[in-house]
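Asks: Just one file: query-v3.txt, with compact mmCIF, C-alpha atoms.
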# COMPACT_ATOMS: atom_id res chain seq x y z
CA MET A 1281 12.38 39.44 0.62
CA LYS A 1282 9.29 37.59 -0.59
CA LEU A 1283 7.62 38.73 -3.80
CA SER A 1284 4.32 39.32 -1.97
CA HIS A 1285 6.14 41.61 0.50
CA VAL A 1286 7.51 43.67 -2.37
CA ASN A 1287 4.03 43.86 -3.88
CA TYR A 1288 2.55 45.07 -0.61
CA ILE A 1289 5.28 47.71 -0.27
CA VAL A 1290 4.36 48.91 -3.77
CA LEU A 1291 0.69 49.01 -2.72
CA LEU A 1292 1.56 51.02 0.39
CA ILE A 1293 3.54 53.49 -1.73
CA ILE A 1294 0.54 53.88 -4.08
CA LEU A 1295 -1.89 54.44 -1.20
CA VAL A 1296 0.33 56.77 0.86
CA THR A 1297 1.03 58.84 -2.27
CA GLY A 1298 -2.70 58.95 -2.98
CA VAL A 1299 -3.55 60.11 0.56
CA PHE A 1300 -0.92 62.85 0.65
CA THR A 1301 -1.69 64.22 -2.81
CA PHE A 1302 -5.39 64.14 -1.88
CA TRP A 1303 -4.64 66.21 1.22
CA GLY A 1304 -2.45 68.54 -0.85
CA ALA A 1305 -5.42 69.33 -3.09
CA ALA A 1306 -7.63 70.30 -0.14
CA ASN A 1307 -8.94 73.43 -1.87
CA ASP A 1308 -9.69 71.80 -5.20
CA LYS A 1309 -12.45 69.20 -5.12
CA MET A 1310 -12.13 68.34 -8.80
CA MET A 1311 -8.44 67.60 -8.33
CA GLN A 1312 -9.30 65.48 -5.27
CA LEU A 1313 -11.75 63.54 -7.41
CA TYR A 1314 -9.09 62.90 -10.07
CA ILE A 1315 -6.59 61.80 -7.42
CA GLY A 1316 -9.15 59.46 -5.85
CA VAL A 1317 -10.02 57.90 -9.22
CA ALA A 1318 -6.32 57.59 -10.13
CA THR A 1319 -5.62 55.85 -6.80
CA ALA A 1320 -8.54 53.44 -7.34
CA VAL A 1321 -7.42 52.66 -10.91
CA SER A 1322 -3.85 52.12 -9.66
CA TYR A 1323 -5.22 49.74 -7.04
CA VAL A 1324 -7.09 47.69 -9.65
CA ILE A 1325 -3.97 47.50 -11.82
CA TRP A 1326 -1.89 46.54 -8.76
CA GLY A 1327 -4.40 43.78 -7.93
CA ILE A 1328 -4.27 42.36 -11.45
CA ILE A 1329 -0.45 42.39 -11.52
CA TYR A 1330 -0.26 40.93 -8.03
CA HIS A 1331 -2.56 37.99 -8.81
CA THR A 1332 -0.85 37.44 -12.16
CA LEU A 1333 2.50 37.13 -10.39
CA GLU A 1334 0.93 34.87 -7.76
CA GLY A 1335 -0.52 32.74 -10.56
CA ASP A 1336 -4.12 32.89 -9.31
CA LEU A 1337 -5.63 35.53 -11.58
CA HIS A 1338 -9.28 34.80 -12.39
CA PRO A 1339 -11.95 36.96 -14.08
CA LYS A 1340 -13.86 36.98 -10.77
CA VAL A 1341 -10.83 38.47 -9.03
CA VAL A 1342 -10.54 41.22 -11.65
CA ILE A 1343 -14.24 42.04 -11.24
CA GLU A 1344 -13.81 42.08 -7.46
CA TYR A 1345 -10.96 44.61 -7.63
CA CYS A 1346 -12.96 46.74 -10.08
CA LEU A 1347 -16.00 46.69 -7.77
CA VAL A 1348 -13.90 47.53 -4.71
CA GLY A 1349 -12.50 50.50 -6.64
CA MET A 1350 -16.01 51.55 -7.70
CA VAL A 1351 -17.31 51.34 -4.13
CA ALA A 1352 -14.47 53.60 -2.98
CA ILE A 1353 -15.16 56.10 -5.78
CA VAL A 1354 -18.90 56.25 -5.09
CA LEU A 1355 -18.18 56.78 -1.37
CA MET A 1356 -15.77 59.56 -2.26
CA LEU A 1357 -18.43 61.17 -4.48
CA THR A 1358 -20.90 60.94 -1.61
CA ILE A 1359 -18.61 62.95 0.64
CA LEU A 1360 -17.20 65.35 -1.95
CA TRP A 1361 -20.32 66.27 -3.92
CA THR A 1362 -23.24 66.31 -1.51
CA MET B 617 -48.46 23.83 24.60
CA THR B 618 -49.51 27.11 26.22
CA PRO B 619 -49.65 30.43 24.37
CA SER B 620 -46.62 31.62 26.35
CA HIS B 621 -44.66 28.67 25.01
CA LEU B 622 -45.70 29.59 21.47
CA VAL B 623 -44.50 33.16 21.96
CA PHE B 624 -41.20 31.85 23.34
CA LEU B 625 -40.75 29.53 20.37
CA ARG B 626 -41.56 32.32 17.91
CA VAL B 627 -39.02 34.65 19.57
CA THR B 628 -36.41 31.89 19.58
CA ARG B 629 -37.11 31.20 15.92
CA TYR B 630 -36.76 34.90 15.16
CA ASP B 631 -33.47 35.04 17.08
CA ASN B 632 -32.20 32.04 15.14
CA ASP B 633 -33.23 33.62 11.84
CA MET B 634 -31.46 36.82 12.77
CA GLU B 635 -28.37 34.90 13.84
CA HIS B 636 -28.37 32.98 10.55
CA PHE B 637 -28.78 36.15 8.58
CA LEU B 638 -25.95 37.96 10.38
CA ARG B 639 -23.66 34.95 10.07
CA HIS B 640 -24.53 34.52 6.41
CA PHE B 641 -23.95 38.20 5.72
CA PHE B 642 -20.86 38.94 7.79
CA VAL B 643 -18.99 35.70 8.51
CA PRO B 644 -17.58 33.15 6.04
CA HIS B 645 -19.61 29.97 6.38
CA SER B 646 -20.77 27.00 4.32
CA SER B 647 -24.05 28.87 3.66
CA ASN B 648 -22.20 31.65 1.81
CA ASN B 649 -19.53 29.51 0.14
CA HIS B 650 -17.01 30.53 2.82
CA HIS B 651 -17.06 34.17 1.81
CA ALA B 652 -19.11 36.69 3.78
CA LYS B 653 -22.15 37.56 1.68
CA ALA B 654 -21.43 41.25 2.30
CA LEU B 655 -18.26 40.82 0.23
CA HIS B 656 -19.79 38.91 -2.69
CA LEU B 657 -19.62 40.52 -6.12
CA ASP B 658 -23.40 41.04 -6.32
CA SER B 659 -23.36 42.70 -2.89
CA MET B 660 -20.57 45.03 -4.01
CA LEU B 661 -22.53 45.95 -7.11
CA CYS B 662 -25.58 46.64 -4.92
CA TYR B 663 -23.51 49.04 -2.77
CA VAL B 664 -22.43 50.99 -5.85
CA LEU B 665 -26.04 51.27 -7.06
CA ILE B 666 -27.43 52.09 -3.60
CA PHE B 667 -24.93 54.89 -3.04
CA ALA B 668 -25.49 56.25 -6.55
CA ILE B 669 -29.26 56.35 -5.87
CA PHE B 670 -28.58 57.83 -2.41
CA ASN B 671 -26.54 60.67 -3.93
CA PHE B 672 -29.13 61.45 -6.59
CA GLY B 673 -31.91 61.15 -4.00
CA ILE B 674 -30.19 63.66 -1.71
CA ARG B 675 -29.87 66.14 -4.57
CA ILE B 676 -33.48 65.72 -5.66
CA MET B 677 -34.79 65.94 -2.08
CA HIS B 678 -32.69 69.05 -1.50
CA ARG B 679 -34.08 70.68 -4.64
CA GLU B 680 -37.67 69.82 -3.77
CA PHE B 681 -37.54 70.31 0.02
CA PRO B 682 -34.63 72.64 0.85
CA ASN B 683 -36.02 73.37 4.32
CA VAL B 684 -36.01 69.69 5.20
CA LEU B 685 -32.76 68.58 3.59
CA GLY B 686 -30.20 71.33 3.09
CA TYR B 687 -26.95 72.92 4.11
CA ALA B 688 -26.89 74.43 7.60
CA THR B 689 -25.22 77.82 7.33
CA ASP B 690 -24.91 80.74 9.71
CA ILE B 691 -22.44 83.35 8.51
CA ARG B 692 -22.84 87.01 9.44
CA VAL B 693 -20.85 90.14 8.72
CA ASP B 694 -20.76 91.26 12.36
CA GLN B 695 -19.25 87.92 13.39
CA LEU B 696 -16.70 88.01 10.56
CA LEU B 697 -15.76 91.59 11.49
CA SER B 698 -15.34 90.85 15.20
CA GLY B 699 -13.48 87.61 14.38
CA THR B 700 -11.07 89.43 12.05
CA ASN B 701 -10.49 92.28 14.50
CA SER B 702 -9.94 89.98 17.46
CA GLN B 703 -7.19 88.23 15.46
CA ARG B 704 -5.58 91.59 14.70
CA GLN B 705 -5.89 92.85 18.24
CA ALA B 706 -4.32 89.66 19.57
CA LEU B 707 -1.22 90.66 17.58
CA GLY B 708 -1.35 94.24 18.79
CA LEU B 709 -2.70 95.63 15.51
CA ALA B 710 -5.36 98.29 15.15
CA PRO B 711 -8.85 96.93 14.41
CA LEU B 712 -10.27 97.45 10.94
CA THR B 713 -13.23 99.73 10.36
CA TYR B 714 -16.25 98.32 8.55
CA ASN B 715 -16.55 100.17 5.26
CA VAL B 716 -19.79 100.17 3.30
CA THR B 717 -18.07 101.01 0.00
CA LEU B 718 -15.70 98.07 0.33
CA SER B 719 -18.70 95.90 1.15
CA LYS B 720 -20.33 97.10 -2.06
CA ALA B 721 -17.14 96.14 -3.92
CA ALA B 722 -17.30 92.71 -2.29
CA ALA B 723 -20.97 92.37 -3.27
CA LEU B 724 -20.19 93.35 -6.88
CA LYS B 725 -17.41 90.76 -6.96
CA ALA B 726 -19.70 88.06 -5.57
CA GLN B 727 -22.43 88.91 -8.06
CA ASP B 728 -19.91 88.79 -10.91
CA MET B 729 -18.65 85.38 -9.75
CA PHE B 730 -22.17 83.93 -9.79
CA ALA B 731 -23.11 85.68 -13.04
CA HIS B 732 -20.03 84.39 -14.88
CA ASN B 733 -19.72 81.15 -12.92
CA TYR B 734 -16.11 81.34 -11.78
CA TRP B 735 -14.18 80.68 -8.58
CA ALA B 736 -11.09 82.82 -8.87
CA HIS B 737 -9.66 86.18 -7.87
CA ASN B 738 -9.65 87.33 -11.49
CA SER B 739 -12.71 86.88 -13.72
CA PRO B 740 -12.56 85.10 -17.08
CA GLU B 741 -13.09 88.54 -18.64
CA GLY B 742 -9.95 89.79 -16.93
CA LYS B 743 -11.58 91.77 -14.10
CA THR B 744 -9.38 91.92 -11.02
CA PRO B 745 -10.60 92.53 -7.44
CA TRP B 746 -9.37 96.12 -7.83
CA THR B 747 -11.82 96.63 -10.70
CA PHE B 748 -14.72 96.14 -8.30
CA ILE B 749 -13.13 98.25 -5.57
CA GLN B 750 -12.70 101.13 -7.99
CA GLN B 751 -16.16 100.54 -9.47
CA ALA B 752 -17.65 100.82 -5.96
CA GLY B 753 -15.90 104.17 -5.51
CA TYR B 754 -13.25 103.29 -2.94
CA ALA B 755 -10.01 105.21 -3.57
CA TYR B 756 -7.30 102.91 -2.31
CA THR B 757 -3.57 102.96 -1.86
CA VAL B 758 -3.49 99.37 -0.69
CA ALA B 759 -6.14 96.69 -1.06
CA GLY B 760 -6.58 92.95 -0.67
CA GLU B 761 -9.13 90.19 -1.08
CA ASN B 762 -9.86 86.89 0.65
CA LEU B 763 -12.43 84.43 -0.68
CA ALA B 764 -14.17 81.49 0.98
CA LYS B 765 -17.06 79.27 -0.01
CA ASN B 766 -19.30 76.67 1.57
CA PHE B 767 -18.36 77.14 5.21
CA SER B 768 -21.15 76.65 7.73
CA THR B 769 -20.14 79.19 10.38
CA SER B 770 -18.40 82.57 10.57
CA GLN B 771 -15.82 81.17 13.00
CA GLY B 772 -15.11 78.34 10.55
CA VAL B 773 -14.27 80.91 7.87
CA ILE B 774 -12.00 82.91 10.19
CA ASP B 775 -10.24 79.78 11.46
CA ALA B 776 -9.60 78.55 7.91
CA TRP B 777 -8.26 81.92 6.78
CA MET B 778 -5.96 82.12 9.81
CA ALA B 779 -4.71 78.59 9.11
CA SER B 780 -3.74 79.61 5.57
CA PRO B 781 -0.54 81.72 5.58
CA THR B 782 -1.49 83.79 2.52
CA HIS B 783 -4.98 84.60 3.80
CA LYS B 784 -3.64 85.30 7.28
CA ASP B 785 -1.20 87.80 5.75
CA ASN B 786 -4.16 89.81 4.53
CA ILE B 787 -6.00 89.66 7.88
CA VAL B 788 -2.98 90.80 9.91
CA LYS B 789 -1.55 93.28 7.43
CA PRO B 790 -0.83 96.47 9.43
CA SER B 791 -1.40 98.87 6.52
CA TYR B 792 -5.08 98.03 6.08
CA ARG B 793 -7.58 100.28 7.77
CA ASP B 794 -10.94 99.35 6.25
CA ILE B 795 -12.74 96.12 5.61
CA GLY B 796 -15.86 95.09 3.71
CA PHE B 797 -17.74 91.82 3.34
CA ALA B 798 -20.33 90.18 1.13
CA ILE B 799 -21.96 86.86 2.03
CA VAL B 800 -24.03 85.55 -0.87
CA ASN B 801 -25.86 82.34 -1.63
CA GLY B 802 -26.12 81.08 -5.19
CA VAL B 803 -25.18 78.34 -7.61
CA LEU B 804 -21.53 78.12 -8.63
CA GLY B 805 -20.32 75.32 -10.87
CA GLY B 806 -23.68 73.59 -10.54
CA GLU B 807 -23.32 73.43 -6.76
CA GLU B 808 -25.27 75.43 -4.17
CA THR B 809 -22.66 77.76 -2.77
CA THR B 810 -22.38 80.21 0.10
CA LEU B 811 -19.72 82.66 -0.98
CA VAL B 812 -17.83 84.97 1.39
CA VAL B 813 -15.88 87.87 -0.10
CA GLN B 814 -13.65 89.83 2.26
CA MET B 815 -12.05 93.01 0.96
CA PHE B 816 -9.42 95.09 2.71
CA GLY B 817 -8.21 98.55 1.95
CA ALA B 818 -6.74 101.84 3.01
CA GLY B 819 -7.19 105.07 1.14
CA GLU B 820 -5.69 108.51 1.40
CA ALA B 821 -9.00 110.29 1.51
CA ILE B 822 -10.38 108.01 4.17
CA ALA B 823 -7.16 108.06 6.18
CA ASN B 824 -7.48 111.83 6.51
CA GLN B 825 -10.88 111.40 8.13
CA GLU B 826 -9.48 109.91 11.32
CA PRO B 827 -6.51 111.88 12.56
CA VAL B 828 -6.03 109.58 15.56
CA LYS B 829 -4.86 106.70 13.40
CA THR B 830 -3.26 108.75 10.68
CA VAL B 831 0.33 108.55 11.89
CA VAL B 832 0.40 104.78 12.28
CA THR B 833 -1.42 104.15 9.04
CA GLU B 834 0.60 106.58 6.99
CA GLN B 835 3.88 105.25 8.35
CA ALA B 836 2.86 101.72 7.53
CA ALA B 837 1.67 102.71 4.09
CA ILE B 838 4.81 104.65 3.30
CA THR B 839 7.14 101.91 4.41
CA GLU B 840 5.30 99.32 2.34
CA VAL B 841 4.75 101.14 -0.92
CA SER B 842 7.95 100.00 -2.68
CA PRO B 843 7.93 96.28 -1.91
CA GLU B 844 4.23 96.04 -2.54
CA SER B 845 4.46 97.86 -5.85
CA SER B 846 7.17 95.48 -6.98
CA ARG B 847 4.85 92.53 -6.36
CA LEU B 848 2.11 93.66 -8.69
CA GLY B 849 2.84 90.74 -10.97
CA GLU B 850 1.84 88.29 -8.24
CA GLN B 851 -1.84 89.05 -8.38
CA THR B 852 -2.78 85.50 -9.17
CA ALA B 853 -1.34 84.26 -5.89
CA LYS B 854 -3.79 82.59 -3.57
CA ALA B 855 -4.58 85.53 -1.34
CA VAL B 856 -4.32 88.43 -3.63
CA GLU B 857 -3.14 91.80 -2.48
CA GLU B 858 -2.23 94.90 -4.37
CA GLN B 859 -0.62 98.23 -3.64
CA VAL B 860 -0.51 100.97 -6.16
CA THR B 861 0.63 104.52 -6.11
CA PRO B 862 -2.17 106.87 -5.10
CA PRO B 863 -4.42 108.03 -7.93
CA VAL B 864 -3.39 111.22 -9.62
CA SER B 865 -6.50 113.01 -8.44
CA ILE B 866 -7.48 112.19 -4.88
CA ILE B 867 -11.16 111.40 -4.69
CA PRO B 868 -12.82 113.83 -2.29
CA ILE B 869 -14.25 112.42 0.90
CA SER B 870 -17.78 113.11 -0.27
CA ALA B 871 -17.20 110.87 -3.28
CA VAL B 872 -16.46 107.85 -1.15
CA GLN B 873 -19.29 108.41 1.28
CA PRO B 874 -21.80 105.58 1.02
CA THR B 875 -24.75 106.36 -1.16
CA PRO B 876 -28.19 104.83 -0.38
CA ILE B 877 -27.71 102.32 -3.23
CA VAL B 878 -24.39 101.24 -1.75
CA ASN B 879 -26.05 100.78 1.62
CA VAL B 880 -28.83 98.65 0.16
CA LEU B 881 -26.37 96.43 -1.72
CA SER B 882 -24.09 95.91 1.28
CA THR B 883 -27.03 95.19 3.57
CA MET B 884 -28.49 92.66 1.14
CA PHE B 885 -25.38 90.51 1.41
CA SER B 886 -24.66 90.87 5.12
CA SER B 887 -25.60 87.34 6.20
CA VAL B 888 -26.66 83.89 5.10
CA SER B 889 -28.53 81.84 7.65
CA GLN B 890 -30.15 78.50 6.85
CA LYS B 891 -31.29 75.88 9.31
CA PRO B 892 -32.69 72.85 7.48
CA MET B 893 -34.09 69.97 9.52
CA ILE B 894 -31.40 67.65 8.16
CA ASN B 895 -27.92 68.89 7.35
CA ILE B 896 -26.73 67.16 4.16
CA PRO B 897 -22.95 67.14 4.87
CA THR B 898 -23.54 65.58 8.31
CA VAL B 899 -25.83 62.86 6.95
CA THR B 900 -23.64 61.95 3.98
CA ARG B 901 -20.44 61.85 6.04
CA ASP B 902 -22.06 59.74 8.76
CA VAL B 903 -23.51 57.28 6.25
CA ALA B 904 -20.33 57.00 4.16
CA PHE B 905 -17.94 56.61 7.10
CA LEU B 906 -20.24 54.17 8.91
CA PHE B 907 -20.44 52.06 5.76
CA MET B 908 -16.66 52.18 5.20
CA GLY B 909 -16.05 51.19 8.82
CA LEU B 910 -18.52 48.32 8.49
CA LEU B 911 -16.92 47.11 5.27
CA ILE B 912 -13.41 47.20 6.81
CA GLY B 913 -14.79 45.31 9.84
CA VAL B 914 -16.35 42.59 7.66
CA LEU B 915 -13.11 42.27 5.66
CA ILE B 916 -11.14 41.82 8.90
CA ILE B 917 -13.57 39.18 10.26
CA ASP B 918 -13.66 37.39 6.91
CA GLY B 919 -9.86 37.40 6.67
CA ILE B 920 -9.36 36.10 10.22
CA VAL B 921 -11.89 33.26 9.86
CA ILE B 922 -10.54 32.15 6.47
CA SER B 923 -6.97 32.29 7.75
CA LYS B 924 -7.84 30.20 10.84
CA LYS B 925 -9.78 27.60 8.86
CA LYS B 926 -7.10 27.61 6.13
CA ILE B 927 -9.72 27.71 3.36
CA ALA B 928 -8.50 28.29 -0.19
CA ARG B 929 -10.80 30.37 -2.39
CA VAL B 930 -10.67 32.43 -5.57
CA THR B 931 -11.01 36.00 -4.33
CA GLY B 932 -8.97 39.14 -3.95
CA HIS B 933 -6.78 39.65 -0.90
CA ASN B 934 -8.62 40.95 2.14
CA LEU B 935 -5.51 42.66 3.50
CA ALA B 936 -5.14 44.64 0.27
CA HIS B 937 -8.84 45.67 0.36
CA ILE B 938 -8.50 46.67 4.03
CA LEU B 939 -5.46 48.85 3.26
CA PHE B 940 -7.24 50.38 0.27
CA PHE B 941 -10.42 51.30 2.16
CA THR B 942 -8.40 52.53 5.15
CA ALA B 943 -6.45 54.85 2.85
CA PHE B 944 -9.74 56.26 1.48
CA PHE B 945 -11.10 56.54 5.02
CA ILE B 946 -8.07 58.57 6.12
CA ALA B 947 -8.02 60.73 2.99
CA LEU B 948 -11.76 61.50 3.13
CA SER B 949 -11.72 62.20 6.86
CA ILE B 950 -10.00 65.54 6.23
CA VAL B 951 -12.44 66.66 3.53
CA ARG B 952 -14.23 69.83 4.59
CA ARG B 953 -16.97 71.44 2.60
CA GLY B 954 -15.44 74.88 3.03
CA VAL B 955 -12.87 75.97 0.43
CA LEU B 956 -10.57 79.00 0.35
CA LEU B 957 -9.05 81.02 -2.45
Re-express the file's structure as structure tokens.
Replies:
Amino acid sequence: MKLSHVNYIVLLIILVTGVFTFWGAANDKMMQLYIGVATAVSYVIWGIIYHTLEGDLHPKVVIEYCLVGMVAIVLMLTILWT
Amino acid sequence: MTPSHLVFLRVTRYDNDMEHFLRHFFVPHSSNNHHAKALHLDSMLCYVLIFAIFNFGIRIMHREFPNVLGYATDIRVDQLLSGTNSQRQALGLAPLTYNVTLSKAAALKAQDMFAHNYWAHNSPEGKTPWTFIQQAGYAYTVAGENLAKNFSTSQGVIDAWMASPTHKDNIVKPSYRDIGFAIVNGVLGGEETTLVVQMFGAGEAIANQEPVKTVVTEQAAITEVSPESSRLGEQTAKAVEEQVTPPVSIIPISAVQPTPIVNVLSTMFSSVSQKPMINIPTVTRDVAFLFMGLLIGVLIIDGIVISKKKIARVTGHNLAHILFFTAFFIALSIVRRGVLL
């Protein structure tokens, strides 16, 4: 199995876990917020590790993953807190 | 060149400009360094700032113009009562009787929650639901409480309670005879909140008032005293219920009759109805999901074009971003404003 396949399986595990724990905390918005932030942070870390292993890590890539995570968090805040 | 030709040229020029703009923004092209402008780092940063301003703007607008931008709510005691009783009757159970004293207890509980800013069955000071029931003057042998906040309709509250096993247990418990409600608007945890308190009960003194139902109620109460009493330690469970041995001195019927003050309090909290011009949850959900869908769409187009043209570039992986945003889309799609306890 290719390394990138393994990495994507890890990513899927992170995201599926995030979705199900988010659903499990349906009556606790603060917990949902924590789970969402944890999933976004995990995604950024996954992205950095993935590109490091692929040998194409660049500061721009790190910023991109951080911004993608921030966009997701701000969208989550929009739905959870307004 | 005739004026009609000039108009045609201007429209064509406009169409070309629009086409260029859309291609520049959504499709990887030499004009955007083969990376859709919508996915550039500065664009991403703009989205974060725009949504942050949008969220603050909504809050400020809501505070200044609540009738224009607010939370559409229509929850009424009569609807909650009929909804609860129809669920009971569907299972062959006797309907519950609306009780003003239990409604006062529910109102006292709601007021205490707003005053001490908590969302729990037991207050930070250690007050249990039974404290308020006793304070209101309802002599109970069995009692229970369901809580809900931020639902927009009465049916929404009933449906959510019935979907939750612990709350449903309270609604379809055969030993209950009376029910009371309080629906109160206020600020809880810094958030505008519509709180619904539903209290159930059955009392010896009240049971004696209606001989028709006495046999059924008393049988149910007798058969459930022991197991319920043994579960007193479970009061912190999600849908709290409690059964205690009857008080040493039975409160006379006159003592539990509603007083004028009780009536006023229970009437004050019998409904919350708000119809703003723009419903905040609808607007925010529509905007957020539309944006997420658009972003996923641009990522897909960008990924396909780059893959076909076999262009190498220093960016993150579109497939990973698509999976990430799709996961958030799925997770957030089940978020409902209403919460139970």
Asks: Give me the residues within 10 Å of A:Tyr1345 as number ranges by chain, counting only C-alpha atoms and dropping any in the same chain fewer than 5 places off.
Replies: A: 1320-1321, 1323-1328, 1340, 1350-1351; B: 657, 931-933, 936-937
Asks: Write the residues of the selection above to a file with C-alpha atoms, as a short mmCIF file (atom, residue, chain, number, x, y, z; two decimals), in the frame of the given file.
Replies:
data_model
loop_
_atom_site.label_atom_id
_atom_site.label_comp_id
_atom_site.auth_asym_id
_atom_site.auth_seq_id
_atom_site.Cartn_x
_atom_site.Cartn_y
_atom_site.Cartn_z
CA ALA A 1320 -8.54 53.44 -7.34
CA VAL A 1321 -7.42 52.66 -10.91
CA TYR A 1323 -5.22 49.74 -7.04
CA VAL A 1324 -7.09 47.69 -9.65
CA ILE A 1325 -3.97 47.50 -11.82
CA TRP A 1326 -1.89 46.54 -8.76
CA GLY A 1327 -4.40 43.78 -7.93
CA ILE A 1328 -4.27 42.36 -11.45
CA LYS A 1340 -13.86 36.98 -10.77
CA MET A 1350 -16.01 51.55 -7.70
CA VAL A 1351 -17.31 51.34 -4.13
CA LEU B 657 -19.62 40.52 -6.12
CA THR B 931 -11.01 36.00 -4.33
CA GLY B 932 -8.97 39.14 -3.95
CA HIS B 933 -6.78 39.65 -0.90
CA ALA B 936 -5.14 44.64 0.27
CA HIS B 937 -8.84 45.67 0.36
#
Asks: Chain A residues within 9 Å of chain B, counting only C-alpha atoms: which ones, as a PyMOL selection string?
Replies: chain A and resi 1288+1291-1292+1295-1296+1298-1300+1302-1303+1306-1309+1316+1320+1323+1327+1331+1336-1338+1340-1345+1347-1362
Asks: Extract, using only C-alpha atoms, all DNA, RNA and protein residues at most 9 Å from B:Leu724, discarding same-chain residues fewer than 2 positions from it, and format them as a list of chain:residue names.
Replies: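 Near neighbours after the sequence-gap exclusion: B:Ser719, B:Lys720, B:Ala721, B:Ala722, B:Ala726, B:Gln727, B:Asp728, B:Met729, B:Phe748, B:Ile749, B:Gln751, B:Ala752, B:Ala798, B:Leu881.
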Asks: Write out as a list in words each polymer residue whose atoms come within 10 Å of stretch 635-645 of chain B, counting all atoms listed in the file; drop sequence neighbours fewer than 6 positions from it.
Replies: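 In the requested form, the answer reads Arg629, His651, Ala652, Lys653, Ala654, Leu655, His656, Ser659, Leu910, Leu911, Gly913, Val914, Leu915, Ile916, Ile917, Asp918, Gly919, Ile920, Val921, Ile922, Lys925 and Ile927 of chain B.
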Asks: Can you work out the spacing between atom CA of B:Leu712 and atom CA of B:Gly742 in Å, to one decimal?
Replies: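 One can read the atom CA of B:Leu712 to atom CA of B:Gly742 distance as 28.9 Å.
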Asks: Quick one: distance from atom CA of B:Asn683 to atom CA of B:Asp775 in Å, one decimal?
Replies: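 Atom-to-atom, atom CA of B:Asn683 to atom CA of B:Asp775, that is 27.5 Å.
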Asks: Rounded to one decimal, what separation in Å do you get between atom CA of B:Met815 and atom CA of A:Met1310?
Replies: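 So the answer is 26.5 Å.
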Asks: Considering only C-alpha atoms, can you say which of B:Ser647, B:Ser702, B:Thr782, B:Ser887 comes closest to B:Asp690?
Replies: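 Checking each candidate against B:Asp690, we get B:Ser887 as the closest.
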Asks: Kindly reconstruct stretch 928-932 of chain B with all heavy atoms and present the result as a PDB file, keeping the file's coordinate frame.
Replies:
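Result file result_9.pdb:
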ATOM      1  N   ALA B 928      -8.977  27.686   1.056  1.00  0.00           N
ATOM      2  CA  ALA B 928      -8.500  28.290  -0.190  1.00  0.00           C
ATOM      3  C   ALA B 928      -9.717  28.711  -1.021  1.00  0.00           C
ATOM      4  O   ALA B 928     -10.676  27.955  -1.137  1.00  0.00           O
ATOM      5  CB  ALA B 928      -7.658  27.293  -0.961  1.00  0.00           C
ATOM      6  N   ARG B 929      -9.670  29.904  -1.568  1.00  0.00           N
ATOM      7  CA  ARG B 929     -10.800  30.370  -2.390  1.00  0.00           C
ATOM      8  C   ARG B 929     -10.290  31.365  -3.435  1.00  0.00           C
ATOM      9  O   ARG B 929      -9.214  31.966  -3.265  1.00  0.00           O
ATOM     10  CB  ARG B 929     -11.889  31.008  -1.522  1.00  0.00           C
ATOM     11  CG  ARG B 929     -11.410  32.212  -0.791  1.00  0.00           C
ATOM     12  CD  ARG B 929     -12.453  32.801   0.144  1.00  0.00           C
ATOM     13  NE  ARG B 929     -11.994  34.090   0.632  1.00  0.00           N
ATOM     14  CZ  ARG B 929     -12.501  34.747   1.638  1.00  0.00           C
ATOM     15  NH1 ARG B 929     -13.538  34.244   2.297  1.00  0.00           N
ATOM     16  NH2 ARG B 929     -12.035  35.906   2.001  1.00  0.00           N
ATOM     17  N   VAL B 930     -11.078  31.520  -4.481  1.00  0.00           N
ATOM     18  CA  VAL B 930     -10.670  32.430  -5.570  1.00  0.00           C
ATOM     19  C   VAL B 930     -11.286  33.798  -5.309  1.00  0.00           C
ATOM     20  O   VAL B 930     -12.404  34.102  -5.725  1.00  0.00           O
ATOM     21  CB  VAL B 930     -11.140  31.874  -6.943  1.00  0.00           C
ATOM     22  CG1 VAL B 930     -10.678  32.780  -8.075  1.00  0.00           C
ATOM     23  CG2 VAL B 930     -10.594  30.476  -7.146  1.00  0.00           C
ATOM     24  N   THR B 931     -10.563  34.619  -4.589  1.00  0.00           N
ATOM     25  CA  THR B 931     -11.010  36.000  -4.330  1.00  0.00           C
ATOM     26  C   THR B 931      -9.786  36.898  -4.245  1.00  0.00           C
ATOM     27  O   THR B 931      -8.654  36.414  -4.203  1.00  0.00           O
ATOM     28  CB  THR B 931     -11.762  36.116  -2.982  1.00  0.00           C
ATOM     29  OG1 THR B 931     -10.884  35.677  -1.934  1.00  0.00           O
ATOM     30  CG2 THR B 931     -13.034  35.304  -2.952  1.00  0.00           C
ATOM     31  N   GLY B 932     -10.052  38.192  -4.154  1.00  0.00           N
ATOM     32  CA  GLY B 932      -8.970  39.140  -3.950  1.00  0.00           C
ATOM     33  C   GLY B 932      -8.446  39.005  -2.530  1.00  0.00           C
ATOM     34  O   GLY B 932      -9.010  38.269  -1.713  1.00  0.00           O
TER      35      GLY B 932
END
